[in-house]
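Containing compact mmCIF, C-alpha atoms: structure.txt.
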```txt
# COMPACT_ATOMS: atom_id res chain seq x y z
CA MET A 1 -37.42 -44.60 5.55
CA ASP A 2 -36.44 -47.42 3.18
CA LYS A 3 -33.13 -49.04 3.83
CA LEU A 4 -30.48 -47.61 1.49
CA ASP A 5 -27.91 -49.71 -0.30
CA GLU A 6 -24.51 -49.03 1.21
CA TYR A 7 -21.38 -48.59 -0.88
CA LYS A 8 -17.70 -47.89 -0.34
CA TRP A 9 -15.83 -44.83 -1.56
CA TRP A 10 -15.00 -44.72 -5.25
CA GLY A 11 -11.88 -46.63 -6.17
CA LYS A 12 -12.42 -49.23 -3.44
CA PRO A 13 -14.10 -52.64 -3.57
CA GLY A 14 -17.83 -52.14 -3.18
CA GLU A 15 -17.91 -48.75 -4.91
CA PRO A 16 -21.28 -47.58 -6.31
CA PRO A 17 -22.29 -48.50 -9.88
CA PRO A 18 -21.65 -45.80 -12.53
CA ASN A 19 -25.33 -44.93 -12.92
CA LEU A 20 -25.71 -43.67 -9.35
CA LYS A 21 -25.00 -39.97 -8.91
CA THR A 22 -24.42 -37.51 -6.10
CA LYS A 23 -26.48 -34.30 -5.71
CA LYS A 24 -23.74 -32.29 -7.41
CA GLN A 25 -23.62 -34.70 -10.33
CA LEU A 26 -27.41 -34.55 -10.65
CA ALA A 27 -27.25 -30.77 -10.85
CA GLU A 28 -24.75 -31.04 -13.70
CA LEU A 29 -27.27 -33.26 -15.49
CA GLY A 30 -30.10 -30.77 -14.91
CA LEU A 31 -31.83 -33.00 -12.36
CA SER A 32 -33.13 -32.43 -8.83
CA PRO A 33 -32.90 -35.11 -6.10
CA LEU A 34 -36.08 -36.71 -4.73
CA LYS A 35 -35.28 -39.96 -2.97
CA ALA A 36 -31.84 -41.47 -2.36
CA VAL A 37 -31.30 -45.11 -3.35
CA GLY A 38 -27.80 -45.53 -1.95
CA ILE A 39 -25.34 -44.12 0.56
CA ILE A 40 -21.60 -43.95 1.17
CA ARG A 41 -20.83 -43.57 4.86
CA ALA A 42 -17.76 -41.49 5.54
CA GLN A 43 -16.06 -40.32 8.73
CA LYS A 44 -17.18 -36.68 8.48
CA TYR A 45 -20.41 -36.97 6.46
CA ASP A 46 -22.56 -39.35 4.45
CA VAL A 47 -22.89 -39.11 0.66
CA LEU A 48 -26.36 -39.83 -0.69
CA LEU A 49 -26.68 -41.43 -4.13
CA TYR A 50 -29.49 -41.10 -6.66
CA ASP A 51 -30.55 -43.00 -9.79
CA PRO A 52 -31.12 -40.69 -12.80
CA ASP A 53 -33.13 -43.44 -14.54
CA ASN A 54 -35.56 -43.79 -11.63
CA PRO A 55 -38.32 -41.11 -11.67
CA GLU A 56 -38.90 -41.69 -7.96
CA SER A 57 -35.24 -40.91 -7.22
CA CYS A 58 -34.90 -37.66 -9.17
CA ARG A 59 -36.71 -35.38 -11.60
CA PRO A 60 -35.77 -32.77 -14.18
CA LYS A 61 -35.23 -29.32 -12.74
CA ARG A 62 -38.09 -26.92 -13.36
CA LYS A 63 -37.16 -24.06 -15.64
CA PRO A 64 -37.43 -20.75 -13.81
CA THR A 65 -39.97 -18.22 -15.00
CA GLU A 66 -38.93 -14.91 -16.49
CA LYS A 67 -39.87 -13.16 -13.25
CA GLN A 68 -37.84 -15.65 -11.20
CA LEU A 69 -34.83 -15.05 -13.45
CA GLU A 70 -35.22 -11.28 -13.04
CA THR A 71 -35.46 -11.62 -9.26
CA LEU A 72 -32.42 -13.90 -9.22
CA ALA A 73 -30.41 -11.44 -11.30
CA ALA A 74 -31.47 -8.52 -9.08
CA ASN A 75 -30.51 -10.40 -5.91
CA ARG A 76 -27.16 -11.33 -7.39
CA GLU A 77 -26.54 -7.69 -8.29
CA LYS A 78 -27.45 -6.60 -4.75
CA ALA A 79 -25.09 -9.22 -3.34
CA ARG A 80 -22.30 -8.02 -5.66
CA ILE A 81 -22.79 -4.38 -4.65
CA LYS A 82 -22.83 -5.30 -0.97
CA ARG A 83 -19.70 -7.44 -1.33
CA GLU A 84 -17.77 -4.71 -3.19
CA TYR A 85 -18.89 -2.06 -0.71
CA ASN A 86 -17.87 -4.20 2.28
CA ASP A 87 -14.49 -4.89 0.66
CA TRP A 88 -13.95 -1.15 0.13
CA TYR A 89 -15.26 -0.22 3.60
CA ASN A 90 -12.72 -2.57 5.22
CA SER A 91 -9.88 -1.38 3.00
CA ARG A 92 -7.03 1.06 3.54
CA GLU A 93 -8.54 3.28 0.82
CA ARG A 94 -11.64 3.99 2.92
CA LEU A 95 -9.54 4.97 5.94
CA ILE A 96 -7.42 7.29 3.76
CA GLU A 97 -10.55 8.99 2.43
CA GLN A 98 -11.97 9.28 5.94
CA ASP A 99 -8.74 10.91 7.13
CA ARG A 100 -8.73 13.30 4.15
CA VAL A 101 -12.21 14.56 4.98
CA ALA A 102 -11.30 14.87 8.68
CA ALA A 103 -8.27 17.03 7.79
CA ILE A 104 -10.37 19.33 5.62
CA ARG A 105 -12.95 19.81 8.35
CA TRP A 106 -10.17 20.44 10.88
CA ALA A 107 -8.66 23.16 8.68
CA ARG A 108 -12.02 24.81 8.02
CA ASP A 109 -12.85 24.86 11.71
CA GLU A 110 -9.47 26.34 12.65
CA LEU A 111 -9.80 29.13 10.09
CA THR A 112 -12.96 30.29 11.87
CA ARG A 113 -11.06 30.68 15.16
CA ASP A 114 -8.53 33.26 16.34
CA ASP A 115 -6.93 31.48 19.29
CA TRP A 116 -3.86 30.23 17.43
CA VAL A 117 -0.63 31.45 15.87
CA ILE A 118 1.96 29.92 13.55
CA LEU A 119 5.60 29.65 14.64
CA ASP A 120 8.74 28.76 12.73
CA THR A 121 12.45 28.76 13.50
CA GLU A 122 15.74 28.55 11.62
CA THR A 123 18.59 26.89 13.48
CA THR A 124 22.29 26.02 13.55
CA GLY A 125 21.50 22.41 12.64
CA LEU A 126 19.41 19.41 13.64
CA HIS A 127 20.90 18.14 16.92
CA ASN A 128 21.73 20.27 19.97
CA ALA A 129 21.03 23.17 17.67
CA GLU A 130 20.27 26.76 18.57
CA ILE A 131 17.80 29.17 17.05
CA VAL A 132 19.16 31.80 14.65
CA GLU A 133 15.79 33.17 13.55
CA ILE A 134 12.24 32.95 14.86
CA ALA A 135 8.95 34.22 13.45
CA ILE A 136 5.37 34.07 14.68
CA VAL A 137 2.31 35.14 12.67
CA SER A 138 -1.36 35.39 13.60
CA HIS A 139 -4.15 33.18 12.26
CA VAL A 140 -4.58 35.65 9.38
CA GLY A 141 -0.86 35.99 8.64
CA ALA A 142 -0.08 39.24 10.50
CA THR A 143 3.52 39.35 11.71
CA LEU A 144 3.69 39.20 15.51
CA LEU A 145 7.40 38.46 15.84
CA ASN A 146 10.19 38.25 13.30
CA THR A 147 13.79 38.47 14.46
CA LEU A 148 17.24 37.04 13.97
CA VAL A 149 18.76 35.48 17.08
CA LYS A 150 22.43 35.33 17.96
CA PRO A 151 23.41 31.77 19.00
CA SER A 152 26.22 30.87 21.35
CA ILE A 153 27.88 28.70 18.70
CA PRO A 154 28.95 29.36 15.09
CA ILE A 155 26.53 28.57 12.28
CA PRO A 156 27.99 25.73 10.16
CA ALA A 157 28.63 26.50 6.50
CA ASP A 158 26.38 23.66 5.26
CA VAL A 159 23.50 25.10 7.30
CA VAL A 160 24.17 28.64 6.02
CA ALA A 161 23.84 27.15 2.52
CA ILE A 162 20.29 26.11 3.39
CA HIS A 163 18.76 29.16 5.04
CA GLY A 164 21.31 31.81 4.12
CA ILE A 165 21.73 33.13 7.69
CA SER A 166 25.43 33.66 8.51
CA ASP A 167 27.35 34.56 11.66
CA GLU A 168 27.81 38.09 10.29
CA MET A 169 24.03 38.53 9.91
CA VAL A 170 23.32 37.62 13.54
CA ALA A 171 26.37 39.32 15.09
CA ASN A 172 24.35 42.27 16.45
CA SER A 173 21.07 40.36 16.99
CA PRO A 174 19.55 39.67 20.43
CA SER A 175 20.34 36.41 22.17
CA PHE A 176 17.66 33.83 22.80
CA SER A 177 17.30 34.93 26.42
CA GLU A 178 16.64 38.49 25.21
CA VAL A 179 14.00 37.33 22.71
CA TYR A 180 12.41 34.90 25.19
CA PRO A 181 10.07 37.44 26.88
CA GLN A 182 8.65 38.45 23.47
CA ILE A 183 8.03 34.82 22.57
CA VAL A 184 6.22 34.21 25.86
CA GLU A 185 4.10 37.33 25.40
CA VAL A 186 3.06 36.50 21.83
CA LEU A 187 2.24 32.86 22.69
CA GLU A 188 0.25 33.68 25.82
CA GLY A 189 -3.24 32.17 25.64
CA LYS A 190 -2.64 30.87 22.13
CA ARG A 191 -2.41 27.45 20.57
CA VAL A 192 0.73 27.10 18.47
CA PHE A 193 0.68 25.70 14.94
CA ILE A 194 4.01 24.52 13.54
CA TYR A 195 5.09 22.73 10.38
CA ASN A 196 7.04 19.77 11.79
CA ALA A 197 6.15 20.64 15.36
CA ALA A 198 8.31 17.95 16.94
CA PHE A 199 11.47 19.59 15.62
CA ASP A 200 10.70 23.20 16.56
CA ILE A 201 9.38 22.28 20.00
CA LYS A 202 12.56 20.28 20.65
CA ILE A 203 14.71 23.25 19.56
CA LEU A 204 12.74 25.73 21.68
CA ASP A 205 13.02 23.46 24.70
CA TYR A 206 16.76 23.00 24.15
CA CYS A 207 17.36 26.74 23.90
CA ARG A 208 15.32 27.69 26.96
CA LYS A 209 17.14 25.02 29.02
CA LEU A 210 20.47 26.28 27.68
CA HIS A 211 19.62 29.72 29.07
CA GLY A 212 17.97 28.48 32.27
CA LEU A 213 14.50 29.70 31.28
CA LYS A 214 11.03 28.35 32.06
CA SER A 215 9.23 25.97 29.72
CA PHE A 216 6.86 27.29 27.06
CA ASN A 217 4.46 24.43 27.95
CA LEU A 218 3.66 23.69 24.32
CA SER A 219 3.01 19.97 24.71
CA LYS A 220 -0.75 20.40 25.22
CA ARG A 221 -1.40 23.39 22.98
CA TYR A 222 0.25 22.72 19.64
CA GLU A 223 -0.86 21.39 16.26
CA CYS A 224 1.49 19.95 13.67
CA ILE A 225 0.45 21.31 10.27
CA MET A 226 2.83 18.88 8.57
CA GLU A 227 0.98 15.88 10.00
CA TRP A 228 -2.44 17.30 9.08
CA HIS A 229 -1.16 18.04 5.57
CA ALA A 230 0.20 14.50 5.24
CA GLN A 231 -3.16 13.10 6.35
CA TRP A 232 -4.94 15.28 3.80
CA ALA A 233 -2.55 14.33 0.96
CA GLY A 234 -3.12 10.63 1.73
CA ASP A 235 0.27 9.34 0.57
CA TRP A 236 0.32 6.17 2.67
CA SER A 237 3.54 4.29 3.40
CA ASP A 238 3.17 0.62 4.25
CA TYR A 239 6.81 0.58 5.34
CA HIS A 240 6.34 3.34 7.91
CA GLU A 241 2.68 2.45 8.56
CA GLY A 242 1.73 6.09 8.27
CA TYR A 243 1.36 9.01 5.90
CA ARG A 244 4.43 10.37 4.13
CA TRP A 245 5.41 13.89 5.12
CA HIS A 246 5.86 16.56 2.47
CA PRO A 247 8.42 19.40 2.54
CA LEU A 248 7.05 22.88 3.14
CA CYS A 249 9.07 24.57 0.36
CA GLY A 250 8.69 27.93 2.04
CA GLY A 251 12.17 29.28 1.38
CA HIS A 252 13.90 28.38 4.69
CA ARG A 253 13.36 31.76 6.33
CA ALA A 254 11.21 31.80 9.43
CA LEU A 255 8.61 34.36 8.33
CA ASP A 256 8.28 32.92 4.83
CA ASP A 257 7.83 29.45 6.29
CA CYS A 258 5.14 30.68 8.67
CA LEU A 259 3.18 32.14 5.76
CA ALA A 260 3.74 29.01 3.67
CA ALA A 261 2.39 26.91 6.54
CA LEU A 262 -0.70 29.14 6.73
CA ASP A 263 -1.20 28.65 3.00
CA ARG A 264 -1.12 24.88 3.57
CA VAL A 265 -3.95 25.17 6.09
CA LYS A 266 -5.96 27.28 3.61
CA LYS A 267 -5.27 24.82 0.80
CA ILE A 268 -6.54 21.92 2.89
CA ALA A 269 -9.66 23.88 3.86
CA ALA A 270 -10.41 24.73 0.21
CA ASP A 271 -10.69 21.06 -0.78
CA SER A 272 -14.06 19.31 -1.05
CA ASP A 273 -15.13 17.49 2.11
CA THR A 274 -17.57 15.28 0.20
CA PHE A 275 -16.83 11.72 1.19
CA HIS A 276 -15.88 9.92 -2.03
CA CYS A 277 -16.97 6.30 -2.26
CA PRO A 278 -15.79 4.68 -5.55
CA VAL A 279 -18.37 1.85 -5.41
CA PRO A 280 -22.18 1.98 -5.15
CA ARG A 281 -23.61 1.95 -1.62
CA PRO A 282 -25.99 -0.92 -0.78
CA GLU A 283 -29.65 0.05 -0.51
```
Turn the structure described in the file into structure tokens.
Amino acid sequence: MDKLDEYKWWGKPGEPPPNLKTKKQLAELGLSPLKAVGIIRAQKYDVLLYDPDNPESCRPKRKPTEKQLETLAANREKARIKREYNDWYNSRERLIEQDRVAAIRWARDELTRDDWVILDTETTGLHNAEIVEIAIVSHVGATLLNTLVKPSIPIPADVVAIHGISDEMVANSPSFSEVYPQIVEVLEGKRVFIYNAAFDIKILDYCRKLHGLKSFNLSKRYECIMEWHAQWAGDWSDYHEGYRWHPLCGGHRALDDCLAALDRVKKIAADSDTFHCPVPRPE
């Protein structure tokens, strides 16, 4: 290899003459490099220099054929499709769509089974609250249990304003301990579906402890319809890093809410489980 003339970086004594060009500058001139005539040695890499006026140093770029241009355009299009698909596949939107389809298939599968019931309660409040009404329906909506329950504490007025159940309405109703055997019997061998399961399970556990009764053992046999519905609806919250929950709007009576929850499962199941991809898939 011929010895190359060595130069300093531009702006310093010994910089290359203006006619010498780098590979990038040659490309801007429509030229291709052949043989370097100079070099700038740098700490990380060397910069080769070429003389546009020397036919041994560079040559005009060959014009691509029509077929080459078509192939180039096709490859660029494939690369664009692959890039957009990969961006979508790694996005939150793809995970939301995946969760939506999973919720639909869950609901459809459950509607083919008969080993579950839906439960709902109305209470005296949110914390250390007692049940004032409980309902349980079958997987097809048949009423299995629907009763008012007399709590050991008064029902606050602001709570009465929500569900409409007053102290007078429950005055002659059975206590929780009296309803307990019916609840156990109806739930035996069944999985329990609840809209906002965490709340109702907490209330049931509080009431059975209050009356010194055995656990319902719901922790391993429940499904939260509210969470499945939220997953299906796909309303993601970056703040909470999860799906937003939606109110049931069932009327705040236990039986009505059970049936409204069943309708939510049916609504989810009725949706299309076709996986929607908004960008073309790579071949």
- Item | Between atom CA of Leu255 of chain A and atom CA of Asn146 of chain A, distance in Å (one decimal) |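 These two atoms are separated by 6.5 Å.
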- Query: atom CA of Asp273 of chain A and atom CA of Val101 of chain A are how many Å apart?
  - Reply: 5.0 Å
- Item | Given only C-alpha atoms as the counted atoms, nearest of A:Gln231, A:Asn217, A:Ser57, A:Thr71 to Ile268 of chain A |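 Answer, going by the shortest atom-to-atom distance: A:Gln231.
Take the candidates A:Asp99, A:Glu84, A:Asp2, A:Glu56 and check each one against Ala233 of chain A using all atoms listed in the file; the shortest distance goes to A:Asp99.
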Pick out the residues sitting within 10 Å of segment 246-253 of chain A, and hand them over as a PDB file with C-alpha atoms, keeping the file's coordinate frame; count all atoms listed in the file, and ignore anything fewer than 2 positions along from it in its own chain.
```pdb
ATOM      1  CA  ASP A 120       8.740  28.760  12.730  1.00  0.00           C
ATOM      2  CA  THR A 121      12.450  28.760  13.500  1.00  0.00           C
ATOM      3  CA  GLU A 122      15.740  28.550  11.620  1.00  0.00           C
ATOM      4  CA  GLU A 133      15.790  33.170  13.550  1.00  0.00           C
ATOM      5  CA  ILE A 134      12.240  32.950  14.860  1.00  0.00           C
ATOM      6  CA  ALA A 135       8.950  34.220  13.450  1.00  0.00           C
ATOM      7  CA  ILE A 162      20.290  26.110   3.390  1.00  0.00           C
ATOM      8  CA  HIS A 163      18.760  29.160   5.040  1.00  0.00           C
ATOM      9  CA  GLY A 164      21.310  31.810   4.120  1.00  0.00           C
ATOM     10  CA  ILE A 165      21.730  33.130   7.690  1.00  0.00           C
ATOM     11  CA  TYR A 195       5.090  22.730  10.380  1.00  0.00           C
ATOM     12  CA  ASN A 196       7.040  19.770  11.790  1.00  0.00           C
ATOM     13  CA  ILE A 225       0.450  21.310  10.270  1.00  0.00           C
ATOM     14  CA  MET A 226       2.830  18.880   8.570  1.00  0.00           C
ATOM     15  CA  GLU A 227       0.980  15.880  10.000  1.00  0.00           C
ATOM     16  CA  HIS A 229      -1.160  18.040   5.570  1.00  0.00           C
ATOM     17  CA  ALA A 230       0.200  14.500   5.240  1.00  0.00           C
ATOM     18  CA  ALA A 233      -2.550  14.330   0.960  1.00  0.00           C
ATOM     19  CA  ASP A 235       0.270   9.340   0.570  1.00  0.00           C
ATOM     20  CA  TYR A 243       1.360   9.010   5.900  1.00  0.00           C
ATOM     21  CA  ARG A 244       4.430  10.370   4.130  1.00  0.00           C
ATOM     22  CA  LEU A 255       8.610  34.360   8.330  1.00  0.00           C
ATOM     23  CA  ASP A 256       8.280  32.920   4.830  1.00  0.00           C
ATOM     24  CA  ASP A 257       7.830  29.450   6.290  1.00  0.00           C
ATOM     25  CA  CYS A 258       5.140  30.680   8.670  1.00  0.00           C
ATOM     26  CA  LEU A 259       3.180  32.140   5.760  1.00  0.00           C
ATOM     27  CA  ALA A 260       3.740  29.010   3.670  1.00  0.00           C
ATOM     28  CA  ALA A 261       2.390  26.910   6.540  1.00  0.00           C
ATOM     29  CA  ASP A 263      -1.200  28.650   3.000  1.00  0.00           C
ATOM     30  CA  ARG A 264      -1.120  24.880   3.570  1.00  0.00           C
TER      31      ARG A 264
END
```
So that I can see what lies close to His139 of chain A, please list as a compact mmCIF listing (two decimals) with C-alpha atoms, in the coordinates of the input the residues with an atom at most 8 Å from it, counting all atoms listed in the file and leaving out residues fewer than 5 positions away in the same chain.
```txt
# COMPACT_ATOMS: atom_id res chain seq x y z
CA LEU A 111 -9.80 29.13 10.09
CA ARG A 113 -11.06 30.68 15.16
CA ASP A 114 -8.53 33.26 16.34
CA ASP A 115 -6.93 31.48 19.29
CA TRP A 116 -3.86 30.23 17.43
CA VAL A 117 -0.63 31.45 15.87
CA ILE A 118 1.96 29.92 13.55
CA LEU A 262 -0.70 29.14 6.73
```
- Query: Leaving out Ile104 of chain A and any residue of its chain fewer than 3 positions from it, which residues lie within 9 Å of it when counting only C-alpha atoms, given as a list in words?
  - Reply: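 Surrounding residues, per the criterion: Asp99, Arg100, Val101, Ala107, Arg108, Asp109, Trp228, Trp232, Val265, Lys267, Ile268, Ala269, Ala270, Asp271, Ser272 and Asp273 of chain A.
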Put those residues in a file: C-alpha atoms, as a PDB file, in the coordinates of the input.
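Written out: result14.pdb:
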```
ATOM      1  CA  ASP A  99      -8.740  10.910   7.130  1.00  0.00           C
ATOM      2  CA  ARG A 100      -8.730  13.300   4.150  1.00  0.00           C
ATOM      3  CA  VAL A 101     -12.210  14.560   4.980  1.00  0.00           C
ATOM      4  CA  ALA A 107      -8.660  23.160   8.680  1.00  0.00           C
ATOM      5  CA  ARG A 108     -12.020  24.810   8.020  1.00  0.00           C
ATOM      6  CA  ASP A 109     -12.850  24.860  11.710  1.00  0.00           C
ATOM      7  CA  TRP A 228      -2.440  17.300   9.080  1.00  0.00           C
ATOM      8  CA  TRP A 232      -4.940  15.280   3.800  1.00  0.00           C
ATOM      9  CA  VAL A 265      -3.950  25.170   6.090  1.00  0.00           C
ATOM     10  CA  LYS A 267      -5.270  24.820   0.800  1.00  0.00           C
ATOM     11  CA  ILE A 268      -6.540  21.920   2.890  1.00  0.00           C
ATOM     12  CA  ALA A 269      -9.660  23.880   3.860  1.00  0.00           C
ATOM     13  CA  ALA A 270     -10.410  24.730   0.210  1.00  0.00           C
ATOM     14  CA  ASP A 271     -10.690  21.060  -0.780  1.00  0.00           C
ATOM     15  CA  SER A 272     -14.060  19.310  -1.050  1.00  0.00           C
ATOM     16  CA  ASP A 273     -15.130  17.490   2.110  1.00  0.00           C
TER      17      ASP A 273
END
```
- Could you please determine the separation between atom CA of Thr124 of chain A and atom CA of Glu185 of chain A in Å, to one decimal place? 24.5 Å
- Given only C-alpha atoms as the counted atoms, nearest of A:Tyr50, A:Tyr85, A:Trp10, A:Tyr45 to Glu283 of chain A: A:Tyr85
- Task: Fewer than 3 positions away in the same chain doesn't count, so skip those; otherwise give me all residues within 8 Å of segment 206-215 of chain A, counting all atoms listed in the file, as a list in words.
- Result: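 Residues near the query, excluding close chain neighbours: Asn128, Ala129, Glu130, Ile131, Phe176, Ser177, Tyr180, Lys202 and Ile203 of chain A.
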- Message: Using all atoms listed in the file, can you tell me which of A:Ala198, A:Ile153, A:Val279, A:Ala103 comes closest to Lys266 of chain A?
- Response: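 Smallest distance to Lys266 of chain A is found for A:Ala103.
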